[in-house]
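This is structure21.pdb. It holds PDB, C-alpha atoms and all ligand atoms.
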ATOM      1  CA  MET A   4       0.000   0.000   0.000  1.00  0.00           C
ATOM      2  CA  THR A   5       1.393   3.398  -0.942  1.00  0.00           C
ATOM      3  CA  ARG A   6       0.815   6.959   0.219  1.00  0.00           C
ATOM      4  CA  ARG A   7      -2.741   7.276   1.499  1.00  0.00           C
ATOM      5  CA  PHE A   8      -4.460   9.820   3.696  1.00  0.00           C
ATOM      6  CA  ILE A   9      -7.391   8.154   5.448  1.00  0.00           C
ATOM      7  CA  THR A  10      -9.553  10.023   7.945  1.00  0.00           C
ATOM      8  CA  PHE A  11     -11.933   8.637  10.566  1.00  0.00           C
ATOM      9  CA  GLU A  12     -15.024  10.681  11.320  1.00  0.00           C
ATOM     10  CA  GLY A  13     -18.240  10.432  13.310  1.00  0.00           C
ATOM     11  CA  ILE A  14     -19.907  11.678  16.459  1.00  0.00           C
ATOM     12  CA  ASP A  15     -18.226  11.045  19.808  1.00  0.00           C
ATOM     13  CA  GLY A  16     -18.513   7.387  20.784  1.00  0.00           C
ATOM     14  CA  ALA A  17     -19.157   6.079  17.250  1.00  0.00           C
ATOM     15  CA  GLY A  18     -16.070   3.826  17.313  1.00  0.00           C
ATOM     16  CA  LYS A  19     -13.351   5.730  15.432  1.00  0.00           C
ATOM     17  CA  SER A  20     -10.561   5.160  17.955  1.00  0.00           C
ATOM     18  CA  THR A  21     -11.392   1.445  18.206  1.00  0.00           C
ATOM     19  CA  HIS A  22     -11.153   0.936  14.452  1.00  0.00           C
ATOM     20  CA  ILE A  23      -8.196   3.213  13.710  1.00  0.00           C
ATOM     21  CA  GLY A  24      -6.075   0.957  15.907  1.00  0.00           C
ATOM     22  CA  ARG A  25      -7.414  -2.202  14.319  1.00  0.00           C
ATOM     23  CA  LEU A  26      -6.838  -0.920  10.769  1.00  0.00           C
ATOM     24  CA  ALA A  27      -3.307   0.278  11.583  1.00  0.00           C
ATOM     25  CA  GLU A  28      -2.421  -3.218  12.807  1.00  0.00           C
ATOM     26  CA  ARG A  29      -3.789  -4.844   9.675  1.00  0.00           C
ATOM     27  CA  LEU A  30      -1.984  -2.444   7.326  1.00  0.00           C
ATOM     28  CA  ARG A  31       1.313  -2.819   9.189  1.00  0.00           C
ATOM     29  CA  GLY A  32       0.869  -6.568   8.903  1.00  0.00           C
ATOM     30  CA  ARG A  33       0.851  -6.055   5.131  1.00  0.00           C
ATOM     31  CA  GLY A  34       4.120  -4.104   5.318  1.00  0.00           C
ATOM     32  CA  ALA A  35       2.811  -0.524   5.153  1.00  0.00           C
ATOM     33  CA  ASN A  36       4.446   2.330   7.065  1.00  0.00           C
ATOM     34  CA  VAL A  37       1.510   3.711   9.006  1.00  0.00           C
ATOM     35  CA  VAL A  38       1.268   6.953  10.965  1.00  0.00           C
ATOM     36  CA  VAL A  39      -1.668   7.098  13.386  1.00  0.00           C
ATOM     37  CA  THR A  40      -2.582  10.557  14.544  1.00  0.00           C
ATOM     38  CA  ARG A  41      -5.543  12.670  15.629  1.00  0.00           C
ATOM     39  CA  GLU A  42      -7.175  16.084  15.573  1.00  0.00           C
ATOM     40  CA  PRO A  43      -7.204  18.364  17.302  1.00  0.00           C
ATOM     41  CA  GLY A  44      -3.710  17.183  18.244  1.00  0.00           C
ATOM     42  CA  GLY A  45      -0.847  15.206  16.759  1.00  0.00           C
ATOM     43  CA  THR A  46       1.919  17.725  17.631  1.00  0.00           C
ATOM     44  CA  GLU A  47       3.022  19.241  20.942  1.00  0.00           C
ATOM     45  CA  LEU A  48       1.447  22.581  20.089  1.00  0.00           C
ATOM     46  CA  ALA A  49      -1.747  21.064  18.687  1.00  0.00           C
ATOM     47  CA  GLU A  50      -2.157  18.836  21.767  1.00  0.00           C
ATOM     48  CA  GLN A  51      -1.975  21.975  23.931  1.00  0.00           C
ATOM     49  CA  LEU A  52      -4.649  23.592  21.767  1.00  0.00           C
ATOM     50  CA  ARG A  53      -6.715  20.384  22.092  1.00  0.00           C
ATOM     51  CA  GLU A  54      -6.696  20.720  25.880  1.00  0.00           C
ATOM     52  CA  LEU A  55      -8.084  24.254  25.573  1.00  0.00           C
ATOM     53  CA  VAL A  56     -10.733  23.326  22.986  1.00  0.00           C
ATOM     54  CA  LEU A  57     -11.971  20.284  24.907  1.00  0.00           C
ATOM     55  CA  HIS A  58     -11.972  21.809  28.385  1.00  0.00           C
ATOM     56  CA  ARG A  59     -12.169  25.629  28.330  1.00  0.00           C
ATOM     57  CA  SER A  60     -15.239  27.723  27.664  1.00  0.00           C
ATOM     58  CA  MET A  61     -15.057  29.813  24.447  1.00  0.00           C
ATOM     59  CA  ASP A  62     -17.236  31.170  21.645  1.00  0.00           C
ATOM     60  CA  PRO A  63     -17.658  29.330  18.307  1.00  0.00           C
ATOM     61  CA  LEU A  64     -15.272  31.652  16.428  1.00  0.00           C
ATOM     62  CA  THR A  65     -12.478  31.122  18.965  1.00  0.00           C
ATOM     63  CA  GLU A  66     -13.146  27.366  18.876  1.00  0.00           C
ATOM     64  CA  THR A  67     -13.016  27.352  15.073  1.00  0.00           C
ATOM     65  CA  LEU A  68      -9.771  29.340  14.909  1.00  0.00           C
ATOM     66  CA  LEU A  69      -8.123  27.048  17.468  1.00  0.00           C
ATOM     67  CA  VAL A  70      -9.029  23.833  15.626  1.00  0.00           C
ATOM     68  CA  PHE A  71      -7.722  25.290  12.361  1.00  0.00           C
ATOM     69  CA  ALA A  72      -4.537  26.552  14.087  1.00  0.00           C
ATOM     70  CA  ALA A  73      -3.984  23.061  15.505  1.00  0.00           C
ATOM     71  CA  ARG A  74      -4.608  21.589  12.037  1.00  0.00           C
ATOM     72  CA  ARG A  75      -2.082  23.900  10.384  1.00  0.00           C
ATOM     73  CA  ASP A  76       0.677  22.844  12.779  1.00  0.00           C
ATOM     74  CA  HIS A  77      -0.308  19.187  12.446  1.00  0.00           C
ATOM     75  CA  LEU A  78      -0.275  19.343   8.652  1.00  0.00           C
ATOM     76  CA  GLN A  79       3.124  21.016   8.510  1.00  0.00           C
ATOM     77  CA  ARG A  80       4.886  18.892  11.102  1.00  0.00           C
ATOM     78  CA  VAL A  81       3.257  15.459  10.739  1.00  0.00           C
ATOM     79  CA  ILE A  82       0.769  14.849   7.936  1.00  0.00           C
ATOM     80  CA  GLU A  83       2.517  16.443   4.963  1.00  0.00           C
ATOM     81  CA  PRO A  84       5.990  15.005   5.800  1.00  0.00           C
ATOM     82  CA  ALA A  85       4.466  11.529   6.278  1.00  0.00           C
ATOM     83  CA  LEU A  86       2.647  11.677   2.937  1.00  0.00           C
ATOM     84  CA  ALA A  87       5.809  12.983   1.255  1.00  0.00           C
ATOM     85  CA  ARG A  88       7.674   9.899   2.567  1.00  0.00           C
ATOM     86  CA  GLY A  89       4.989   7.686   1.048  1.00  0.00           C
ATOM     87  CA  ASP A  90       3.510   6.620   4.390  1.00  0.00           C
ATOM     88  CA  THR A  91      -0.130   5.860   5.054  1.00  0.00           C
ATOM     89  CA  VAL A  92      -1.657   8.401   7.440  1.00  0.00           C
ATOM     90  CA  LEU A  93      -4.650   7.341   9.550  1.00  0.00           C
ATOM     91  CA  CYS A  94      -6.073  10.454  11.156  1.00  0.00           C
ATOM     92  CA  ASP A  95      -8.773  10.398  13.865  1.00  0.00           C
ATOM     93  CA  ARG A  96     -10.825  13.393  12.615  1.00  0.00           C
ATOM     94  CA  PHE A  97      -9.898  16.150  10.169  1.00  0.00           C
ATOM     95  CA  THR A  98     -11.698  19.088   8.534  1.00  0.00           C
ATOM     96  CA  ASP A  99     -15.019  17.258   8.094  1.00  0.00           C
ATOM     97  CA  ALA A 100     -15.220  17.388  11.903  1.00  0.00           C
ATOM     98  CA  THR A 101     -14.993  21.179  11.773  1.00  0.00           C
ATOM     99  CA  PHE A 102     -17.855  21.362   9.268  1.00  0.00           C
ATOM    100  CA  ALA A 103     -19.873  18.900  11.355  1.00  0.00           C
ATOM    101  CA  TYR A 104     -19.180  20.251  14.891  1.00  0.00           C
ATOM    102  CA  GLN A 105     -18.560  23.976  14.401  1.00  0.00           C
ATOM    103  CA  GLY A 106     -20.743  24.233  11.275  1.00  0.00           C
ATOM    104  CA  GLY A 107     -23.561  21.766  12.045  1.00  0.00           C
ATOM    105  CA  GLY A 108     -23.368  21.624  15.832  1.00  0.00           C
ATOM    106  CA  ARG A 109     -22.616  25.256  16.630  1.00  0.00           C
ATOM    107  CA  GLY A 110     -24.163  26.853  13.525  1.00  0.00           C
ATOM    108  CA  PHE A 111     -20.918  28.597  12.501  1.00  0.00           C
ATOM    109  CA  PRO A 112     -21.115  29.942   8.889  1.00  0.00           C
ATOM    110  CA  LEU A 113     -20.040  27.285   6.380  1.00  0.00           C
ATOM    111  CA  ASP A 114     -18.646  29.812   3.899  1.00  0.00           C
ATOM    112  CA  VAL A 115     -16.151  31.055   6.511  1.00  0.00           C
ATOM    113  CA  LEU A 116     -15.182  27.439   7.247  1.00  0.00           C
ATOM    114  CA  GLY A 117     -14.626  26.914   3.513  1.00  0.00           C
ATOM    115  CA  THR A 118     -12.330  29.939   3.350  1.00  0.00           C
ATOM    116  CA  LEU A 119     -10.312  28.780   6.366  1.00  0.00           C
ATOM    117  CA  GLU A 120     -10.121  25.263   4.908  1.00  0.00           C
ATOM    118  CA  GLY A 121      -8.513  26.687   1.755  1.00  0.00           C
ATOM    119  CA  TRP A 122      -6.063  28.833   3.738  1.00  0.00           C
ATOM    120  CA  VAL A 123      -4.994  26.035   6.058  1.00  0.00           C
ATOM    121  CA  GLN A 124      -4.773  23.011   3.763  1.00  0.00           C
ATOM    122  CA  GLY A 125      -4.852  24.328   0.185  1.00  0.00           C
ATOM    123  CA  ALA A 126      -6.142  21.597  -2.117  1.00  0.00           C
ATOM    124  CA  LEU A 127      -5.209  18.717   0.205  1.00  0.00           C
ATOM    125  CA  GLN A 128      -8.142  16.428   1.013  1.00  0.00           C
ATOM    126  CA  PRO A 129      -8.177  12.893   2.432  1.00  0.00           C
ATOM    127  CA  ASP A 130      -8.061  10.068  -0.122  1.00  0.00           C
ATOM    128  CA  LEU A 131     -10.731   8.270   1.889  1.00  0.00           C
ATOM    129  CA  THR A 132     -12.964   9.325   4.760  1.00  0.00           C
ATOM    130  CA  LEU A 133     -14.533   6.555   6.833  1.00  0.00           C
ATOM    131  CA  TRP A 134     -17.648   8.037   8.422  1.00  0.00           C
ATOM    132  CA  PHE A 135     -18.721   5.948  11.437  1.00  0.00           C
ATOM    133  CA  ASP A 136     -22.425   6.615  11.564  1.00  0.00           C
ATOM    134  CA  LEU A 137     -24.237   5.860  14.806  1.00  0.00           C
ATOM    135  CA  ASP A 138     -27.503   7.083  16.281  1.00  0.00           C
ATOM    136  CA  PRO A 139     -26.721   9.878  18.832  1.00  0.00           C
ATOM    137  CA  ALA A 140     -28.542   8.083  21.669  1.00  0.00           C
ATOM    138  CA  ALA A 141     -26.589   4.854  21.048  1.00  0.00           C
ATOM    139  CA  ALA A 142     -23.313   6.821  20.940  1.00  0.00           C
ATOM    140  CA  ALA A 143     -24.206   8.555  24.224  1.00  0.00           C
ATOM    141  CA  ALA A 144     -24.800   5.163  25.871  1.00  0.00           C
ATOM    142  CA  ARG A 145     -21.402   3.874  24.679  1.00  0.00           C
ATOM    143  CA  ARG A 146     -19.660   7.034  25.933  1.00  0.00           C
ATOM    144  CA  ALA A 147     -21.377   6.907  29.302  1.00  0.00           C
ATOM    145  CA  ALA A 148     -20.102   3.365  29.813  1.00  0.00           C
ATOM    146  CA  ALA A 149     -16.559   4.338  28.802  1.00  0.00           C
ATOM    147  CA  ARG A 150     -15.427   7.688  30.294  1.00  0.00           C
ATOM    148  CA  ALA A 151     -16.128  11.107  31.799  1.00  0.00           C
ATOM    149  CA  ALA A 152     -17.498  13.670  29.338  1.00  0.00           C
ATOM    150  CA  ASP A 153     -15.485  16.599  27.926  1.00  0.00           C
ATOM    151  CA  ARG A 154     -16.979  19.891  26.662  1.00  0.00           C
ATOM    152  CA  PHE A 155     -18.326  18.353  23.427  1.00  0.00           C
ATOM    153  CA  GLU A 156     -19.390  15.059  24.949  1.00  0.00           C
ATOM    154  CA  SER A 157     -21.498  17.008  27.478  1.00  0.00           C
ATOM    155  CA  GLU A 158     -23.706  18.314  24.650  1.00  0.00           C
ATOM    156  CA  ASP A 159     -27.223  16.892  24.270  1.00  0.00           C
ATOM    157  CA  THR A 160     -28.482  14.505  21.581  1.00  0.00           C
ATOM    158  CA  ALA A 161     -29.953  17.432  19.566  1.00  0.00           C
ATOM    159  CA  PHE A 162     -26.398  18.812  19.193  1.00  0.00           C
ATOM    160  CA  PHE A 163     -25.132  15.438  17.983  1.00  0.00           C
ATOM    161  CA  ALA A 164     -28.086  15.128  15.598  1.00  0.00           C
ATOM    162  CA  ARG A 165     -26.966  18.454  14.028  1.00  0.00           C
ATOM    163  CA  VAL A 166     -23.364  17.203  13.904  1.00  0.00           C
ATOM    164  CA  ARG A 167     -24.591  14.068  12.122  1.00  0.00           C
ATOM    165  CA  THR A 168     -26.469  16.238   9.616  1.00  0.00           C
ATOM    166  CA  GLY A 169     -23.226  18.167   9.081  1.00  0.00           C
ATOM    167  CA  TYR A 170     -21.436  14.916   8.188  1.00  0.00           C
ATOM    168  CA  LEU A 171     -24.258  13.945   5.825  1.00  0.00           C
ATOM    169  CA  ALA A 172     -23.864  17.262   3.993  1.00  0.00           C
ATOM    170  CA  ARG A 173     -20.089  16.807   3.658  1.00  0.00           C
ATOM    171  CA  MET A 174     -20.621  13.304   2.267  1.00  0.00           C
ATOM    172  CA  ALA A 175     -23.208  14.595  -0.202  1.00  0.00           C
ATOM    173  CA  ALA A 176     -20.712  17.209  -1.422  1.00  0.00           C
ATOM    174  CA  ALA A 177     -17.884  14.664  -1.957  1.00  0.00           C
ATOM    175  CA  PRO A 178     -19.459  11.196  -2.238  1.00  0.00           C
ATOM    176  CA  ALA A 179     -16.440   9.533  -3.887  1.00  0.00           C
ATOM    177  CA  ARG A 180     -14.228  10.439  -0.922  1.00  0.00           C
ATOM    178  CA  PHE A 181     -16.588   9.044   1.718  1.00  0.00           C
ATOM    179  CA  ALA A 182     -17.512   5.550   2.869  1.00  0.00           C
ATOM    180  CA  ARG A 183     -20.380   5.415   5.373  1.00  0.00           C
ATOM    181  CA  ILE A 184     -19.784   2.744   7.992  1.00  0.00           C
ATOM    182  CA  ASP A 185     -22.867   1.578   9.894  1.00  0.00           C
ATOM    183  CA  SER A 186     -21.371   1.529  13.381  1.00  0.00           C
ATOM    184  CA  SER A 187     -24.384   0.082  15.200  1.00  0.00           C
ATOM    185  CA  GLY A 188     -23.325  -3.582  14.995  1.00  0.00           C
ATOM    186  CA  PRO A 189     -20.639  -5.602  16.784  1.00  0.00           C
ATOM    187  CA  ARG A 190     -16.997  -4.536  16.377  1.00  0.00           C
ATOM    188  CA  ASP A 191     -16.099  -7.360  13.954  1.00  0.00           C
ATOM    189  CA  GLU A 192     -19.003  -6.487  11.664  1.00  0.00           C
ATOM    190  CA  VAL A 193     -17.933  -2.823  11.662  1.00  0.00           C
ATOM    191  CA  GLU A 194     -14.367  -3.927  10.906  1.00  0.00           C
ATOM    192  CA  ARG A 195     -15.603  -5.905   7.886  1.00  0.00           C
ATOM    193  CA  GLN A 196     -17.182  -2.713   6.508  1.00  0.00           C
ATOM    194  CA  VAL A 197     -13.888  -0.838   6.973  1.00  0.00           C
ATOM    195  CA  ASP A 198     -12.029  -3.559   5.066  1.00  0.00           C
ATOM    196  CA  ALA A 199     -14.682  -3.521   2.325  1.00  0.00           C
ATOM    197  CA  ALA A 200     -14.280   0.250   1.885  1.00  0.00           C
ATOM    198  CA  LEU A 201     -10.536  -0.175   1.288  1.00  0.00           C
ATOM    199  CA  GLU A 202     -11.025  -3.208  -0.964  1.00  0.00           C
ATOM    200  CA  ALA A 203     -13.580  -1.276  -3.044  1.00  0.00           C
ATOM    201  CA  ARG A 204     -10.740   1.133  -3.843  1.00  0.00           C
ATOM    202  CA  GLY A 205      -8.352  -1.688  -4.697  1.00  0.00           C
ATOM    203  CA  TRP A 206      -6.196  -0.969  -1.602  1.00  0.00           C
TER     204      TRP A 206
HETATM  205  N1  LIG B 301     -19.207  -1.883  17.690  1.00  0.00           N
HETATM  206  C1  LIG B 301     -19.202  -1.566  18.992  1.00  0.00           C
HETATM  207  N2  LIG B 301     -20.132  -2.067  19.816  1.00  0.00           N
HETATM  208  C2  LIG B 301     -20.153  -1.742  21.123  1.00  0.00           C
HETATM  209  N3  LIG B 301     -19.275  -0.913  21.723  1.00  0.00           N
HETATM  210  C3  LIG B 301     -18.324  -0.389  20.937  1.00  0.00           C
HETATM  211  C4  LIG B 301     -18.233  -0.682  19.552  1.00  0.00           C
HETATM  212  N4  LIG B 301     -17.190  -0.014  19.027  1.00  0.00           N
HETATM  213  C5  LIG B 301     -16.647   0.686  20.055  1.00  0.00           C
HETATM  214  N5  LIG B 301     -17.312   0.448  21.199  1.00  0.00           N
HETATM  215  C6  LIG B 301     -17.049   1.022  22.536  1.00  0.00           C
HETATM  216  O1  LIG B 301     -17.683   2.305  22.550  1.00  0.00           O
HETATM  217  C7  LIG B 301     -16.850   3.229  23.243  1.00  0.00           C
HETATM  218  C8  LIG B 301     -16.534   4.385  22.284  1.00  0.00           C
HETATM  219  O2  LIG B 301     -15.706   3.874  21.233  1.00  0.00           O
HETATM  220  P1  LIG B 301     -14.497   4.730  20.656  1.00  0.00           P
HETATM  221  O3  LIG B 301     -13.706   5.353  21.781  1.00  0.00           O
HETATM  222  O4  LIG B 301     -13.765   3.868  19.699  1.00  0.00           O
HETATM  223  O5  LIG B 301     -15.323   5.863  19.907  1.00  0.00           O
HETATM  224  P2  LIG B 301     -14.813   7.209  19.260  1.00  0.00           P
HETATM  225  O6  LIG B 301     -15.644   7.423  18.056  1.00  0.00           O
HETATM  226  O7  LIG B 301     -13.333   7.167  19.049  1.00  0.00           O
HETATM  227  O8  LIG B 301     -15.177   8.273  20.372  1.00  0.00           O
HETATM  228  P3  LIG B 301     -14.531   9.742  20.567  1.00  0.00           P
HETATM  229  O9  LIG B 301     -14.717  10.483  19.323  1.00  0.00           O
HETATM  230  O10 LIG B 301     -15.326  10.339  21.689  1.00  0.00           O
HETATM  231  O11 LIG B 301     -13.084   9.546  20.937  1.00  0.00           O
HETATM  232  C9  LIG B 301     -15.629   2.475  23.719  1.00  0.00           C
HETATM  233  O12 LIG B 301     -15.845   2.063  25.049  1.00  0.00           O
HETATM  234  C10 LIG B 301     -15.576   1.271  22.789  1.00  0.00           C
HETATM  235  O13 LIG B 301     -14.955   0.142  23.378  1.00  0.00           O
HETATM  236  C1  LIG B 302     -11.031  17.961  14.721  1.00  0.00           C
HETATM  237  C2  LIG B 302     -12.186  18.567  15.459  1.00  0.00           C
HETATM  238  C3  LIG B 302     -12.661  18.006  16.622  1.00  0.00           C
HETATM  239  N1  LIG B 302     -13.704  18.561  17.262  1.00  0.00           N
HETATM  240  C4  LIG B 302     -14.189  17.936  18.506  1.00  0.00           C
HETATM  241  C5  LIG B 302     -14.899  16.649  18.293  1.00  0.00           C
HETATM  242  C6  LIG B 302     -14.606  15.846  19.528  1.00  0.00           C
HETATM  243  O1  LIG B 302     -15.640  16.062  20.462  1.00  0.00           O
HETATM  244  C7  LIG B 302     -13.315  16.445  20.067  1.00  0.00           C
HETATM  245  C8  LIG B 302     -12.145  15.527  19.891  1.00  0.00           C
HETATM  246  O2  LIG B 302     -12.304  14.436  20.733  1.00  0.00           O
HETATM  247  P1  LIG B 302     -11.994  12.923  20.259  1.00  0.00           P
HETATM  248  O3  LIG B 302     -12.213  12.113  21.483  1.00  0.00           O
HETATM  249  O4  LIG B 302     -10.559  12.893  19.814  1.00  0.00           O
HETATM  250  O5  LIG B 302     -12.927  12.569  19.163  1.00  0.00           O
HETATM  251  O6  LIG B 302     -13.094  17.640  19.324  1.00  0.00           O
HETATM  252  C9  LIG B 302     -14.299  19.697  16.774  1.00  0.00           C
HETATM  253  O7  LIG B 302     -15.250  20.203  17.376  1.00  0.00           O
HETATM  254  N2  LIG B 302     -13.853  20.250  15.616  1.00  0.00           N
HETATM  255  C10 LIG B 302     -12.814  19.734  14.935  1.00  0.00           C
HETATM  256  O8  LIG B 302     -12.407  20.269  13.867  1.00  0.00           O
END
Would you write out, as structure tokens, the structure that this file holds?
Ligand SMILES: Nc1ncnc2c1ncn2[C@@H]1O[C@H](COP(=O)(O)OP(=O)(O)OP(=O)(O)O)[C@@H](O)[C@H]1O
Ligand SMILES: Cc1cn([C@H]2C[C@H](O)[C@@H](COP(=O)(O)O)O2)c(=O)[nH]c1=O
Amino acid sequence: MTRRFITFEGIDGAGKSTHIGRLAERLRGRGANVVVTREPGGTELAEQLRELVLHRSMDPLTETLLVFAARRDHLQRVIEPALARGDTVLCDRFTDATFAYQGGGRGFPLDVLGTLEGWVQGALQPDLTLWFDLDPAAAAARRAAARAADRFESEDTAFFARVRTGYLARMAAAPARFARIDSSGPRDEVERQVDAALEARGW
């Protein structure tokens, strides 16, 4: 497998982190050099910004600027060098999350997000986006069983329904880039869908 940029998206608790680890193991088993990373985060600076975004109160514009600032640093220090080396990058969230959470969830203007997207990443887009789709109530139940809530995870199911609608809109705008993964079933069944999405692309 050669240079690929694969992003994992979905509402909190949908199963991204579970399956990013599983896919990384399988790809490494096939001999690929795999970089696993996340947003906001992935560099020292971006991880500091993540702490602020997840735990400090702020308005939607500040939140948006911080996630894009984190992304810029992450792209320059980790993602672009890895792709230039020919590695496969598996990234837990990327710009679709900004359109879904800040755009859909918070109601931040999508045209401003589009402008910032162009400034921060130019023409770079993921080669494949795996969207883990799960009903907000089911995701909330999984989260509650797993960990204490951060600032986003404390939002109600109406917020996550808007986030989900934000993901649907991004998929409608770029259907060839997206694979929708029905995340409601057991882990192995979800994993089979992930494998099928890669196989469908001949990867
Ligand atoms: N298919 C599944 N069935 C039941 N539970 C699952 C399934 N997949 C993951 N889980 C569990 O649900 C919880 C949330 O999963 P995970 O952390 O992978 O989600 P996530 O999308 O990465 O969440 P976040 O975005 O908040 O980090 C974990 O406890 C995980 O073990
Ligand atoms: C990239 C990005 C993320 N978020 C939010 C979405 C999640 O609630 C957190 C990250 O937590 P996770 O456990 O790593 O999924 O950040 C956002 O609102 N906007 C973004 O661009």
Polymer residues at most 12 Å from Thr160 (chain A), all atoms listed in the file, same-chain spacing of 5 or more positions, as a PyMOL selection string: chain A and resi 14-15+108+137-144+155+165-167
Give me, as CSV, the closest atom pair and its distance (Å, one decimal) for every residue of chain A within a cut-off of 9 Å of ligand LIG 301 (chain B), counting all atoms listed in the file, rows sorted by chain and rising number.
residue,atom,partner,partner_atom,distance
A:Phe11,CA,B:LIG301,O6,8.4
A:Glu12,CA,B:LIG301,O6,7.5
A:Gly13,CA,B:LIG301,O6,6.2
A:Ile14,CA,B:LIG301,O9,6.0
A:Asp15,CA,B:LIG301,O10,3.5
A:Gly16,CA,B:LIG301,O8,3.5
A:Ala17,CA,B:LIG301,O6,3.8
A:Gly18,CA,B:LIG301,O4,3.3
A:Lys19,CA,B:LIG301,O6,3.9
A:Ser20,CA,B:LIG301,O7,3.6
A:Thr21,CA,B:LIG301,O4,3.7
A:His22,CA,B:LIG301,O4,6.6
A:Ile23,CA,B:LIG301,O4,8.2
A:Asp95,CA,B:LIG301,O7,7.6
A:Arg96,CA,B:LIG301,O9,8.3
A:Phe135,CA,B:LIG301,O6,7.4
A:Ala142,CA,B:LIG301,C8,7.3
A:Ala143,CA,B:LIG301,C8,8.9
A:Ala144,CA,B:LIG301,O1,8.4
A:Arg145,CA,B:LIG301,O1,4.6
A:Arg146,CA,B:LIG301,C7,5.4
A:Ala147,CA,B:LIG301,C7,8.4
A:Ala148,CA,B:LIG301,O12,6.5
A:Ala149,CA,B:LIG301,O12,4.4
A:Arg150,CA,B:LIG301,O12,7.7
A:Ala152,CA,B:LIG301,O10,8.6
A:Asp153,CA,B:LIG301,O10,8.8
A:Phe155,CA,B:LIG301,O10,8.7
A:Glu156,CA,B:LIG301,O10,7.0
A:Ser186,CA,B:LIG301,N1,5.9
A:Ser187,CA,B:LIG301,N1,6.1
A:Gly188,CA,B:LIG301,N1,5.2
A:Pro189,CA,B:LIG301,N1,4.1
A:Arg190,CA,B:LIG301,N1,3.7
A:Asp191,CA,B:LIG301,N1,7.3
A:Glu192,CA,B:LIG301,N1,7.6
A:Val193,CA,B:LIG301,N1,6.2
A:Glu194,CA,B:LIG301,N1,8.6
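Atom to atom, CA of Phe71 (chain A) and CA of Gln124 (chain A) stand 9.4 Å apart.
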For Phe111 (chain A), the nearest of the candidates A:Ala172, A:Leu68, A:Ala73, A:Val81, counting all atoms listed in the file: A:Leu68
Computed interatomic separation between CA of Thr40 (chain A) and CA of Leu127 (chain A) (Å): 16.7 Å
Who sits within 12 Å of Ala203 (chain A), only C-alpha atoms, same chain under 4 positions skipped, as a PyMOL selection string: chain A and resi 131+179-182+196-199
Straight-line distance linking atom C4 of ligand LIG 302 (chain B) with CA of Arg6 (chain A), stated in Å to one decimal: 26.1 Å
Within 12 Å of Arg31 (chain A) using all atoms listed in the file, minus same-chain residues under 4 positions, as an NGL selection string: :A and (4-5 or 24-27 or 35-39 or 90-93)
Once the PyMOL selection byres (((chain A and resi 46) around 8) and not hetatm) has been applied to the shown file, what residues remain in the selection, as a tab-separated table (two decimals) with C-alpha atoms, in the coordinates of the input?
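That gives us expr-v2.tsv:
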chain	number	residue	atom	x	y	z
A	44	GLY	CA	-3.71	17.18	18.24
A	45	GLY	CA	-0.85	15.21	16.76
A	47	GLU	CA	3.02	19.24	20.94
A	48	LEU	CA	1.45	22.58	20.09
A	49	ALA	CA	-1.75	21.06	18.69
A	50	GLU	CA	-2.16	18.84	21.77
A	76	ASP	CA	0.68	22.84	12.78
A	77	HIS	CA	-0.31	19.19	12.45
A	80	ARG	CA	4.89	18.89	11.10
A	81	VAL	CA	3.26	15.46	10.74
Put the listed atoms of ligand LIG 302 (chain B) in a box along x, y and z with 6 Å added on every side and give me the centre and edge lengths in Å to one decimal, as AutoDock Vina command-line options.
--center_x -13.1 --center_y 16.2 --center_z 17.7 --size_x 17.1 --size_y 20.2 --size_z 19.6
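Take the PyMOL selection byres (((chain A and resi 107) around 7) and not hetatm) and apply it to this file: it picks Phe102, Ala103, Tyr104, Gln105, Gly106, Gly108, Arg109, Gly110, Arg165, Val166, Thr168 and Gly169 of chain A.
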For ligand LIG 302 (chain B), the nearest of the candidates A:Leu30, A:Ala164, A:Val56, A:Ala126, counting all atoms listed in the file: A:Val56
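Nearest-residue note for ligand LIG 302 (chain B): choosing from A:Gly34, A:Glu120, A:Glu28, A:Val115, the minimum distance belongs to A:Glu120, counting all atoms listed in the file.
Checking A:Arg154, A:Arg88, A:Arg75, A:Arg33 one by one against Gly121 (chain A), counting all atoms listed in the file, you find the shortest gap at A:Arg75.
You can rank A:Gly125, A:Pro178, A:Gly32, A:Pro43 by their closest distance to Glu83 (chain A) using only C-alpha atoms, and at the top of that list sits A:Gly125.
Closest approach to ligand LIG 302 (chain B) among A:Trp206, A:Phe163, A:Trp134, A:Phe97: A:Phe97, based on all atoms listed in the file.
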